[in-house]
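Here is the file target23.cif (mmCIF, C-alpha atoms).
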```cif
data_entry
loop_
_atom_site.label_atom_id
_atom_site.label_comp_id
_atom_site.auth_asym_id
_atom_site.auth_seq_id
_atom_site.Cartn_x
_atom_site.Cartn_y
_atom_site.Cartn_z
CA MET A 1076 -109.88 15.32 75.65
CA VAL A 1077 -110.52 19.06 75.85
CA SER A 1078 -113.98 19.79 77.13
CA SER A 1079 -115.86 22.72 78.49
CA ASN A 1080 -117.60 20.42 80.90
CA THR A 1081 -116.15 21.12 84.30
CA GLU A 1082 -118.69 19.01 86.07
CA LEU A 1083 -116.96 15.98 87.56
CA ALA A 1084 -119.96 14.35 89.13
CA TYR A 1085 -121.83 11.34 87.83
CA GLN A 1086 -123.90 11.98 84.69
CA SER A 1087 -126.63 9.58 83.72
CA GLN A 1088 -126.61 10.79 80.06
CA ILE A 1089 -123.23 9.28 79.24
CA GLU A 1090 -123.65 6.02 81.09
CA GLY A 1091 -122.64 3.10 78.85
CA GLY A 1092 -120.80 5.41 76.47
CA ILE A 1093 -117.49 5.26 78.26
CA ILE A 1094 -115.17 2.31 78.67
CA VAL A 1095 -112.19 2.49 80.94
CA SER A 1096 -109.27 0.42 79.70
CA LYS A 1097 -105.52 0.34 79.36
CA ALA A 1098 -103.90 1.87 76.29
CA ASP A 1099 -102.04 -1.40 75.72
CA ALA A 1100 -105.29 -3.32 75.58
CA VAL A 1101 -106.90 -0.86 73.19
CA VAL A 1102 -103.97 -0.71 70.78
CA ASN A 1103 -103.49 -4.47 70.86
CA TRP A 1104 -107.20 -5.03 70.34
CA ILE A 1105 -107.07 -2.89 67.20
CA ARG A 1106 -103.93 -4.57 65.87
CA THR A 1107 -105.14 -8.06 66.67
CA ASN A 1108 -108.28 -7.78 64.62
CA SER A 1109 -106.87 -6.07 61.56
CA ILE A 1110 -103.80 -7.99 60.48
CA TRP A 1111 -103.11 -7.20 56.85
CA PRO A 1112 -101.11 -10.09 55.47
CA MET A 1113 -98.44 -9.71 52.84
CA PRO A 1114 -98.68 -12.92 50.79
CA MET A 1115 -95.07 -13.83 49.99
CA GLY A 1116 -96.16 -16.72 47.76
CA LEU A 1117 -93.09 -18.59 46.55
CA ALA A 1118 -94.37 -22.10 45.87
CA CYS A 1119 -97.35 -24.43 46.26
CA CYS A 1120 -98.08 -23.15 49.81
CA ALA A 1121 -99.41 -20.02 48.14
CA ILE A 1122 -102.28 -22.07 46.70
CA GLU A 1123 -103.38 -23.03 50.20
CA LEU A 1124 -102.96 -19.41 51.22
CA MET A 1125 -105.38 -18.47 48.44
CA ALA A 1126 -107.82 -21.09 49.66
CA VAL A 1127 -107.82 -19.64 53.16
CA GLY A 1128 -109.00 -16.31 51.77
CA ASN A 1129 -111.99 -17.90 50.06
CA GLY A 1130 -115.44 -18.33 51.52
CA ARG A 1131 -114.98 -21.94 52.57
CA PHE A 1132 -112.30 -21.11 55.15
CA ASP A 1133 -112.79 -17.36 55.25
CA ILE A 1134 -109.85 -15.80 57.05
CA SER A 1135 -111.85 -12.56 57.26
CA ARG A 1136 -113.61 -14.01 60.30
CA PHE A 1137 -110.34 -13.21 62.06
CA GLY A 1138 -109.85 -9.82 60.48
CA ALA A 1139 -106.93 -10.89 58.31
CA GLU A 1140 -108.55 -11.00 54.88
CA VAL A 1141 -107.00 -7.84 53.45
CA MET A 1142 -104.17 -9.42 51.48
CA ARG A 1143 -102.01 -6.59 50.25
CA PHE A 1144 -99.44 -7.16 47.55
CA SER A 1145 -97.63 -4.00 48.55
CA PRO A 1146 -95.31 -4.36 51.54
CA ARG A 1147 -95.98 -0.75 52.52
CA GLN A 1148 -99.64 -1.48 53.23
CA SER A 1149 -99.27 -4.74 55.10
CA ASP A 1150 -98.04 -5.77 58.51
CA CYS A 1151 -97.75 -9.56 58.51
CA MET A 1152 -95.58 -11.30 55.96
CA ILE A 1153 -96.67 -14.88 55.29
CA VAL A 1154 -93.68 -16.60 53.68
CA ALA A 1155 -95.52 -19.32 51.76
CA GLY A 1156 -93.11 -21.62 50.01
CA SER A 1157 -89.52 -22.49 49.37
CA VAL A 1158 -86.99 -19.67 49.72
CA THR A 1159 -84.00 -20.15 47.47
CA TYR A 1160 -80.78 -18.28 48.16
CA LYS A 1161 -81.32 -16.36 44.96
CA MET A 1162 -84.74 -15.18 46.20
CA ALA A 1163 -83.72 -14.61 49.84
CA PRO A 1164 -82.37 -11.04 49.44
CA GLN A 1165 -85.61 -9.99 47.73
CA VAL A 1166 -87.68 -11.51 50.56
CA ARG A 1167 -85.64 -9.58 53.11
CA ARG A 1168 -85.88 -6.40 51.06
CA ILE A 1169 -89.68 -6.65 50.93
CA TYR A 1170 -89.73 -7.27 54.69
CA ASP A 1171 -87.61 -4.15 55.21
CA GLN A 1172 -90.17 -2.10 53.29
CA MET A 1173 -93.02 -3.09 55.60
CA MET A 1174 -93.91 -0.57 58.28
CA ALA A 1175 -93.67 -1.46 61.94
CA PRO A 1176 -95.30 -3.09 63.78
CA LYS A 1177 -94.81 -6.14 61.56
CA TRP A 1178 -94.85 -9.87 62.03
CA VAL A 1179 -93.72 -12.89 60.03
CA ILE A 1180 -95.38 -16.28 59.60
CA ALA A 1181 -93.21 -19.04 58.10
CA MET A 1182 -95.71 -21.23 56.32
CA GLY A 1183 -94.87 -24.83 55.55
CA ALA A 1184 -91.85 -27.06 55.88
CA CYS A 1185 -89.71 -25.29 53.25
CA ALA A 1186 -90.03 -21.81 54.74
CA SER A 1187 -89.64 -23.11 58.29
CA SER A 1188 -86.62 -25.37 57.86
CA GLY A 1189 -85.78 -25.92 54.22
CA GLY A 1190 -88.06 -28.96 54.18
CA MET A 1191 -87.10 -31.60 51.68
CA TYR A 1192 -84.69 -29.25 49.94
CA ARG A 1193 -81.40 -30.26 51.53
CA SER A 1194 -79.72 -28.50 48.67
CA TYR A 1195 -76.94 -26.07 47.82
CA ALA A 1196 -79.54 -23.71 46.36
CA HIS A 1197 -82.13 -23.60 49.13
CA MET A 1198 -82.20 -21.52 52.32
CA GLN A 1199 -82.51 -23.81 55.34
CA GLY A 1200 -85.32 -21.91 57.05
CA VAL A 1201 -86.36 -18.33 56.43
CA ASP A 1202 -85.68 -17.53 60.11
CA ARG A 1203 -82.05 -17.14 59.11
CA ILE A 1204 -82.91 -13.77 57.54
CA LEU A 1205 -86.29 -12.82 59.07
CA PRO A 1206 -87.57 -12.71 62.68
CA VAL A 1207 -90.30 -15.37 62.45
CA ASP A 1208 -93.18 -15.18 64.94
CA VAL A 1209 -95.21 -18.27 64.02
CA TYR A 1210 -94.16 -21.43 62.18
CA ILE A 1211 -96.72 -23.62 60.42
CA SER A 1212 -95.89 -27.28 59.86
CA GLY A 1213 -97.15 -29.19 56.86
CA CYS A 1214 -96.32 -29.68 53.21
CA PRO A 1215 -98.37 -27.76 52.34
CA PRO A 1216 -100.34 -26.88 55.49
CA ARG A 1217 -104.11 -27.16 55.45
CA PRO A 1218 -106.00 -23.83 55.45
CA GLU A 1219 -107.12 -24.61 58.99
CA ALA A 1220 -103.46 -24.55 60.02
CA ILE A 1221 -103.10 -21.04 58.62
CA ILE A 1222 -106.16 -19.94 60.60
CA ASP A 1223 -104.57 -21.52 63.66
CA ALA A 1224 -101.38 -19.56 62.99
CA ILE A 1225 -103.36 -16.31 62.72
CA ILE A 1226 -105.01 -17.07 66.07
CA LYS A 1227 -101.61 -17.87 67.59
CA LEU A 1228 -100.25 -14.62 66.21
CA GLN A 1229 -103.23 -12.72 67.64
CA ALA A 1230 -102.52 -14.24 71.04
CA LYS A 1231 -98.92 -13.08 70.72
CA ILE A 1232 -99.91 -9.56 69.65
CA LYS A 1233 -102.20 -9.30 72.70
CA THR A 1234 -99.21 -9.78 75.01
CA GLU A 1235 -97.18 -6.96 73.47
CA ARG A 1236 -96.51 -3.70 75.32
CA ALA A 1237 -97.86 -1.79 72.35
CA ALA A 1238 -98.70 1.55 73.96
CA SER A 1239 -95.52 1.91 75.96
CA ASN A 1240 -93.57 1.27 72.76
CA LEU A 1241 -95.78 3.73 70.94
CA PHE A 1242 -95.19 6.56 73.38
CA LYS A 1243 -91.58 5.77 74.14
CA ALA A 1244 -89.29 8.71 73.45
CA SER A 1245 -86.94 7.68 70.69
CA ALA A 1246 -83.32 7.94 71.70
CA MET B 1468 -88.45 -37.68 4.31
CA THR B 1469 -85.99 -39.97 5.97
CA ALA B 1470 -86.31 -42.17 9.00
CA PRO B 1471 -83.94 -41.29 11.87
CA ALA B 1472 -81.79 -44.38 11.26
CA ASP B 1473 -81.39 -43.36 7.59
CA ALA B 1474 -80.54 -39.85 8.65
CA ALA B 1475 -77.85 -41.16 11.00
CA ALA B 1476 -76.46 -43.39 8.24
CA GLN B 1477 -76.37 -40.54 5.74
CA ILE B 1478 -74.66 -38.30 8.28
CA LYS B 1479 -72.03 -41.00 8.88
CA ALA B 1480 -71.49 -41.41 5.14
CA ARG B 1481 -71.04 -37.70 4.67
CA PHE B 1482 -68.89 -37.11 7.78
CA PRO B 1483 -66.43 -40.00 8.14
CA GLN B 1484 -65.37 -38.89 11.63
CA VAL B 1485 -68.89 -39.48 12.96
CA THR B 1486 -69.27 -42.80 14.76
CA ASP B 1487 -72.16 -44.79 16.19
CA ARG B 1488 -73.03 -44.32 19.82
CA ALA B 1489 -74.55 -47.04 21.99
CA SER B 1490 -78.26 -46.37 22.43
CA SER B 1491 -81.27 -48.33 23.59
CA ASP B 1492 -83.87 -46.11 21.97
CA HIS B 1493 -83.16 -43.52 19.28
CA PRO B 1494 -80.30 -43.54 16.76
CA ALA B 1495 -77.29 -41.86 18.32
CA VAL B 1496 -73.97 -40.63 16.97
CA ASN B 1497 -70.69 -39.37 18.38
CA VAL B 1498 -69.47 -36.26 16.61
CA PRO B 1499 -66.08 -34.57 16.96
CA VAL B 1500 -66.51 -31.07 18.31
CA ALA B 1501 -65.08 -29.57 15.10
CA ASP B 1502 -67.90 -31.08 13.02
CA LEU B 1503 -70.68 -30.42 15.51
CA VAL B 1504 -72.26 -27.38 13.89
CA ALA B 1505 -71.99 -28.86 10.38
CA VAL B 1506 -73.66 -32.11 11.48
CA LEU B 1507 -76.45 -30.36 13.36
CA THR B 1508 -77.01 -28.00 10.42
CA ALA B 1509 -77.31 -30.98 8.08
CA LEU B 1510 -79.74 -32.71 10.45
CA ARG B 1511 -81.88 -29.59 10.63
CA ASP B 1512 -81.86 -28.54 6.97
CA GLU B 1513 -81.61 -31.84 5.10
CA HIS B 1514 -83.27 -34.32 7.43
CA GLY B 1515 -86.06 -32.21 8.89
CA PHE B 1516 -85.00 -32.17 12.54
CA ASP B 1517 -86.48 -28.77 13.17
CA HIS B 1518 -86.68 -28.87 16.96
CA LEU B 1519 -83.90 -29.05 19.53
CA ALA B 1520 -85.70 -31.04 22.22
CA ASP B 1521 -82.92 -31.11 24.77
CA LEU B 1522 -79.37 -30.00 25.32
CA THR B 1523 -77.48 -31.27 28.32
CA ALA B 1524 -74.07 -32.46 29.41
CA ILE B 1525 -72.40 -35.36 31.19
CA ASP B 1526 -69.54 -35.09 33.65
CA TRP B 1527 -67.61 -38.38 33.58
CA THR B 1528 -65.81 -37.38 36.84
CA GLU B 1529 -62.35 -36.02 37.40
CA GLY B 1530 -59.47 -37.92 35.95
CA VAL B 1531 -61.48 -39.26 33.05
CA SER B 1532 -60.58 -37.81 29.69
CA PRO B 1533 -62.57 -36.58 27.86
CA ARG B 1534 -64.35 -35.46 30.99
CA PHE B 1535 -67.34 -33.57 29.54
CA THR B 1536 -69.77 -34.71 26.87
CA VAL B 1537 -72.50 -32.42 25.53
CA VAL B 1538 -75.62 -34.22 24.32
CA TYR B 1539 -78.18 -32.87 21.85
CA HIS B 1540 -81.59 -34.41 21.20
CA VAL B 1541 -83.07 -33.20 17.93
CA TYR B 1542 -86.68 -33.88 17.03
CA SER B 1543 -88.55 -33.91 13.75
CA SER B 1544 -92.01 -32.45 14.22
CA ALA B 1545 -93.14 -33.86 10.84
CA ARG B 1546 -92.25 -37.49 11.59
CA GLY B 1547 -92.14 -37.39 15.39
CA ASP B 1548 -88.75 -39.07 15.81
CA TYR B 1549 -85.45 -38.23 17.45
CA VAL B 1550 -81.71 -38.42 16.82
CA ARG B 1551 -79.21 -38.05 19.62
CA VAL B 1552 -75.90 -36.30 18.96
CA ALA B 1553 -73.06 -36.37 21.47
CA THR B 1554 -69.78 -34.51 21.36
CA ASP B 1555 -66.80 -34.69 23.70
CA CYS B 1556 -65.26 -31.44 24.91
CA ALA B 1557 -61.59 -31.30 23.98
CA ASP B 1558 -60.31 -29.49 27.07
CA ASP B 1559 -61.09 -31.11 30.44
CA ALA B 1560 -60.22 -28.03 32.48
CA GLU B 1561 -61.85 -25.39 30.27
CA PRO B 1562 -64.54 -27.29 28.34
CA ALA B 1563 -66.00 -25.45 25.37
CA VAL B 1564 -68.26 -26.27 22.45
CA PRO B 1565 -69.66 -24.03 19.69
CA SER B 1566 -73.07 -22.52 20.36
CA VAL B 1567 -76.06 -23.62 18.27
CA VAL B 1568 -78.26 -20.61 19.05
CA SER B 1569 -77.96 -19.63 15.39
CA LEU B 1570 -79.56 -22.97 14.41
CA TRP B 1571 -82.26 -23.18 17.08
CA PRO B 1572 -82.95 -19.95 19.03
CA GLY B 1573 -84.39 -22.17 21.77
CA ALA B 1574 -80.87 -23.38 22.51
CA ASN B 1575 -80.16 -20.06 24.19
CA TRP B 1576 -81.44 -20.88 27.68
CA HIS B 1577 -80.44 -24.55 27.41
CA GLU B 1578 -76.86 -23.49 26.85
CA ARG B 1579 -77.03 -20.97 29.66
CA GLU B 1580 -78.29 -23.67 32.02
CA CYS B 1581 -75.59 -26.06 30.85
CA TYR B 1582 -72.99 -23.35 31.42
CA ASP B 1583 -74.46 -22.60 34.84
CA MET B 1584 -74.46 -26.20 36.01
CA PHE B 1585 -71.33 -27.62 34.32
CA GLY B 1586 -69.22 -24.58 33.45
CA ILE B 1587 -69.07 -25.51 29.78
CA LYS B 1588 -68.44 -22.46 27.61
CA PHE B 1589 -70.58 -22.16 24.49
CA THR B 1590 -68.47 -20.12 22.13
CA GLY B 1591 -70.49 -17.66 20.06
CA HIS B 1592 -73.41 -17.60 22.50
CA PRO B 1593 -75.02 -14.12 22.43
CA ASP B 1594 -75.52 -13.84 26.21
CA LEU B 1595 -73.68 -16.52 28.17
CA ARG B 1596 -74.63 -15.75 31.79
CA ARG B 1597 -75.72 -18.00 34.62
CA ILE B 1598 -79.46 -18.66 34.48
CA LEU B 1599 -80.35 -20.47 37.74
CA MET B 1600 -77.61 -19.50 40.17
CA TRP B 1601 -76.50 -15.91 40.48
CA ASP B 1602 -73.48 -14.24 38.92
CA GLY B 1603 -70.44 -14.80 41.07
CA TYR B 1604 -71.57 -18.12 42.56
CA PRO B 1605 -68.47 -20.21 43.21
CA GLY B 1606 -68.50 -23.59 41.53
CA TRP B 1607 -70.54 -25.55 39.01
CA PRO B 1608 -73.25 -27.45 40.92
CA LEU B 1609 -73.75 -30.48 38.66
CA ARG B 1610 -70.06 -31.34 38.35
CA LYS B 1611 -69.08 -34.51 40.18
CA ASP B 1612 -66.50 -32.69 42.32
CA PHE B 1613 -69.07 -30.17 43.60
CA PRO B 1614 -70.12 -31.11 47.16
CA LEU B 1615 -73.71 -32.32 47.37
CA ALA B 1616 -74.45 -30.00 50.29
CA GLY B 1617 -73.09 -26.91 48.57
CA VAL B 1618 -70.40 -24.41 49.47
CA GLU B 1619 -70.31 -21.44 51.82
CA THR B 1620 -70.52 -18.10 50.08
CA PRO B 1621 -72.11 -14.68 50.73
CA LEU B 1622 -75.74 -14.01 49.77
CA PRO B 1623 -76.15 -12.74 46.19
CA ASP B 1624 -77.05 -9.22 47.38
CA PRO B 1625 -74.11 -7.61 49.25
CA GLU B 1626 -76.39 -5.07 50.94
CA ILE B 1627 -78.68 -7.73 52.40
CA TYR B 1628 -75.66 -9.87 53.27
CA GLU B 1629 -74.25 -7.00 55.28
CA GLU B 1630 -77.60 -6.40 56.97
CA THR B 1631 -78.34 -10.00 57.90
CA SER B 1632 -74.76 -11.36 57.98
CA THR B 1633 -76.26 -14.67 56.85
CA PRO B 1634 -74.09 -16.60 54.41
CA VAL B 1635 -75.14 -19.33 52.02
CA ILE B 1636 -74.22 -22.48 53.96
CA PRO B 1637 -73.85 -26.13 52.99
CA ALA B 1638 -77.20 -27.83 53.57
CA PRO B 1639 -77.37 -30.33 56.45
CA MET B 1640 -77.23 -33.81 54.99
CA MET B 1641 -78.58 -35.76 57.94
CA GLY B 1642 -81.23 -38.16 56.68
CA GLY B 1643 -81.15 -36.91 53.13
CA PRO B 1644 -81.18 -36.00 50.36
CA PHE B 1645 -82.89 -38.87 48.61
CA VAL B 1646 -80.06 -40.31 46.59
CA ALA B 1647 -80.69 -44.01 46.26
CA SER B 1648 -77.75 -46.31 45.59
CA PRO B 1649 -77.92 -47.93 42.17
CA GLY B 1650 -78.38 -51.68 42.10
CA GLU B 1651 -80.28 -51.93 45.38
CA ILE B 1652 -83.71 -53.20 44.54
CA ASN B 1653 -85.19 -52.73 48.02
CA LEU B 1654 -85.95 -49.03 48.11
CA THR B 1655 -85.97 -48.91 51.91
CA GLU B 1656 -82.37 -50.16 52.00
CA ALA B 1657 -81.38 -47.95 49.10
CA GLU B 1658 -82.33 -44.83 51.03
CA PRO B 1659 -79.30 -42.93 52.27
CA ARG B 1660 -80.64 -42.37 55.79
CA ALA B 1661 -77.32 -42.85 57.56
CA LYS B 1662 -74.81 -43.77 54.91
CA ASP B 1663 -71.92 -41.36 54.77
CA GLU B 1664 -74.02 -38.21 55.06
CA SER B 1665 -74.10 -37.90 58.85
CA TRP B 1666 -72.75 -34.40 58.83
CA ASN B 1667 -74.31 -31.00 58.80
CA GLU B 1668 -73.36 -27.33 58.89
CA ARG B 1669 -71.85 -27.69 62.38
CA VAL B 1670 -70.29 -31.14 62.18
CA GLU B 1671 -67.62 -31.57 59.57
CA LYS B 1672 -67.93 -34.37 57.07
CA PRO B 1673 -65.94 -37.37 58.28
CA LYS B 1674 -62.92 -38.07 56.10
CA ASN B 1675 -62.45 -41.64 54.96
#
```
Translate this file's structure into structure tokens.
Amino acid sequence: MVSSNTELAYQSQIEGGIIVSKADAVVNWIRTNSIWPMPMGLACCAIELMAVGNGRFDISRFGAEVMRFSPRQSDCMIVAGSVTYKMAPQVRRIYDQMMAPKWVIAMGACASSGGMYRSYAHMQGVDRILPVDVYISGCPPRPEAIIDAIIKLQAKIKTERAASNLFKASA
Amino acid sequence: MTAPADAAAQIKARFPQVTDRASSDHPAVNVPVADLVAVLTALRDEHGFDHLADLTAIDWTEGVSPRFTVVYHVYSSARGDYVRVATDCADDAEPAVPSVVSLWPGANWHERECYDMFGIKFTGHPDLRRILMWDGYPGWPLRKDFPLAGVETPLPDPEIYEETSTPVIPAPMMGGPFVASPGEINLTEAEPRAKDESWNERVEKPKN
């Protein structure tokens, strides 16, 4: 910060107004508490995903209530439902349109592993085309499980070397 | 107004090639493929079957001739009854039947689905494309010779296939899918948990 203040001694006026921290911690703190999910609702899991946004479960307590239906405004894709091979390229294309940093939650049995669809038409786990960060079990998962996944994802984001990646000179 | 049995009898009287078909519910007739459109037109215009309730096909497995049978269920909304019409496809390798989109516009997507799943051509269809699988998918999934797990093929989008290099793979069959054997009353024993499906995308299906 550019300042005309050349005085380096202790000042009682600004006490409590300054926090010393690491850039990593600050950036991760910001990212952790404002995850904007991209609801990739493909089947019945999407209904539970809607429930988790409502007042009863209230995902906004964890800063992740801003569901954006545009990939360009969101940073966490929640793949909620069964991914058929016909739909898979579109899912990947939407993921490619999201801006980094971005994360993926595979919600439910179908998105995680193909679930009960042992079928010629169904992708056996969305992790074959997307880098999944958190898997949620269940068919469909309870809203509490989605909150748990958000908390797990927050714990993961807190361990990232965000600032060093941010200021890294691109090759 | 005629009852469905009367309608079937009148159709048989008018078209001598039409024969009775075994049925446990509605009146059913076998129709040669050449008479199909004439019979269905008569059912619609003269007997009040104004709704095509279902259009599907049967694959009687390879080696059986005729191999493919297309089945039509027509429904009368005035009386609330059905007649079933079945026709055998003449060619076992390249099955084809005339389209009935001109009779019931609702047949359009039924015929596309039937084409998609069985590879039966509906001649005269205005837009005969696959409806569930994508264009270029190899094989006809509901034919008896199509493997249950599927076949390996690139993803529908070549760009995404290049980016992810993830092909469509046969689904692992361990512990599923839930195809019960006919005749087994005990459902637990009828489950296919470890029958002949103990193979997956890495282990080749045992030959026997």
Kindly indicate which residue among A:Ala1100, A:Ile1222, A:Leu1205, A:Met1142 lies nearest to chain B, using all atoms listed in the file for the distances. A:Leu1205
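Residues with any atom within 10 Å of A:Ser1135, counting only C-alpha atoms and excluding same-chain neighbours fewer than 5 positions away, are Asn1108, Ser1109, Ile1110, Val1127, Gly1128, Asn1129, Gly1130, Glu1140, Val1141 and Ile1222 of chain A.
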Quick one: apply the PyMOL selection byres ((chain A) within 12 of (chain B)) to the file and drop the selected residues here as a PyMOL selection string. chain A and resi 1159-1171+1188-1206
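All residues of protein, DNA or RNA that reach within 12 Å of stretch 1230-1232 of chain A, judged by all atoms listed in the file and not counting those fewer than 5 positions away in the chain, are A:Asp1099, A:Ala1100, A:Val1101, A:Val1102, A:Asn1103, A:Trp1104, A:Ile1105, A:Arg1106, A:Thr1107, A:Asn1108, A:Ser1109, A:Ile1110, A:Phe1137, A:Asp1150, A:Cys1151, A:Pro1176, A:Lys1177, A:Trp1178, A:Val1179, A:Asp1208, A:Val1209, A:Asp1223, A:Ala1224, A:Ile1225, A:Ala1237, A:Ala1238.
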Evaluate the PyMOL selection byres ((chain B and resi 1503) around 9) and report residues as number ranges by chain: B: 1498-1502, 1504-1508, 1552-1554, 1564-1565
Do a neighbour search on A:Ile1221 at 10 Å with all atoms listed in the file, toss out local chain neighbours closer than 3 positions, and write the hits as an NGL selection string. :A and (1123-1124 or 1127 or 1132 or 1134 or 1153 or 1180 or 1182-1183 or 1209-1212 or 1216-1218 or 1224-1227)
Would you mind exporting the chosen residues as a tab-separated table (two decimals), in the coordinates of the input, restricted to C-alpha atoms?
```
chain	number	residue	atom	x	y	z
A	1123	GLU	CA	-103.38	-23.03	50.20
A	1124	LEU	CA	-102.96	-19.41	51.22
A	1127	VAL	CA	-107.82	-19.64	53.16
A	1132	PHE	CA	-112.30	-21.11	55.15
A	1134	ILE	CA	-109.85	-15.80	57.05
A	1153	ILE	CA	-96.67	-14.88	55.29
A	1180	ILE	CA	-95.38	-16.28	59.60
A	1182	MET	CA	-95.71	-21.23	56.32
A	1183	GLY	CA	-94.87	-24.83	55.55
A	1209	VAL	CA	-95.21	-18.27	64.02
A	1210	TYR	CA	-94.16	-21.43	62.18
A	1211	ILE	CA	-96.72	-23.62	60.42
A	1212	SER	CA	-95.89	-27.28	59.86
A	1216	PRO	CA	-100.34	-26.88	55.49
A	1217	ARG	CA	-104.11	-27.16	55.45
A	1218	PRO	CA	-106.00	-23.83	55.45
A	1224	ALA	CA	-101.38	-19.56	62.99
A	1225	ILE	CA	-103.36	-16.31	62.72
A	1226	ILE	CA	-105.01	-17.07	66.07
A	1227	LYS	CA	-101.61	-17.87	67.59
```
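When you apply the PyMOL selection byres ((chain B and resi 1473-1478) around 10) to this structure, what comes back is Met1468, Thr1469, Ala1470, Pro1471, Ala1472, Lys1479, Ala1480, Arg1481, Phe1482, Pro1483, Gln1484, Val1485, Thr1486, Asp1487, Pro1494, Ala1495, Val1496, Val1506, Leu1507, Ala1509, Leu1510, Glu1513, His1514, Gly1515, Phe1516, Val1550, Arg1551 and Val1552 of chain B.
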Give me the residues within 7 Å of A:Val1154 as number ranges by chain, counting all atoms listed in the file and dropping any in the same chain fewer than 2 places off. A: 1114-1116, 1152, 1156, 1180-1182, 1186
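Our summary of the geometry notes that atom CA of A:Val1207 is positioned 29.2 Å from atom CA of B:Gly1603.
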Could you work out an axis-aligned bounding box for all listed atoms of stretch 1170-1173 of chain A, with 5 Å added on each of the six sides, and give its centre and edge lengths in Å to one decimal, as lines of an AutoDock Vina configuration file?
```
center_x = -90.3
center_y = -4.7
center_z = 54.4
size_x = 15.4
size_y = 15.2
size_z = 12.3
```
So that I can see what lies close to B:Asp1517, please list as a count of residues only the residues with an atom at most 12 Å from it, counting all atoms listed in the file and leaving out residues fewer than 4 positions away in the same chain. 22
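Taking atom CA of A:Pro1215 and atom CA of B:Ile1598 as the two end points, the separation is 27.6 Å.
The space between atom CA of B:Arg1596 and atom CA of B:Glu1580 spans 8.7 Å.
Between A:Cys1185 and the candidates A:Leu1117, A:Ala1139, A:Met1173, A:Ala1126, the tightest atom-to-atom separation, counting all atoms listed in the file, involves A:Leu1117.
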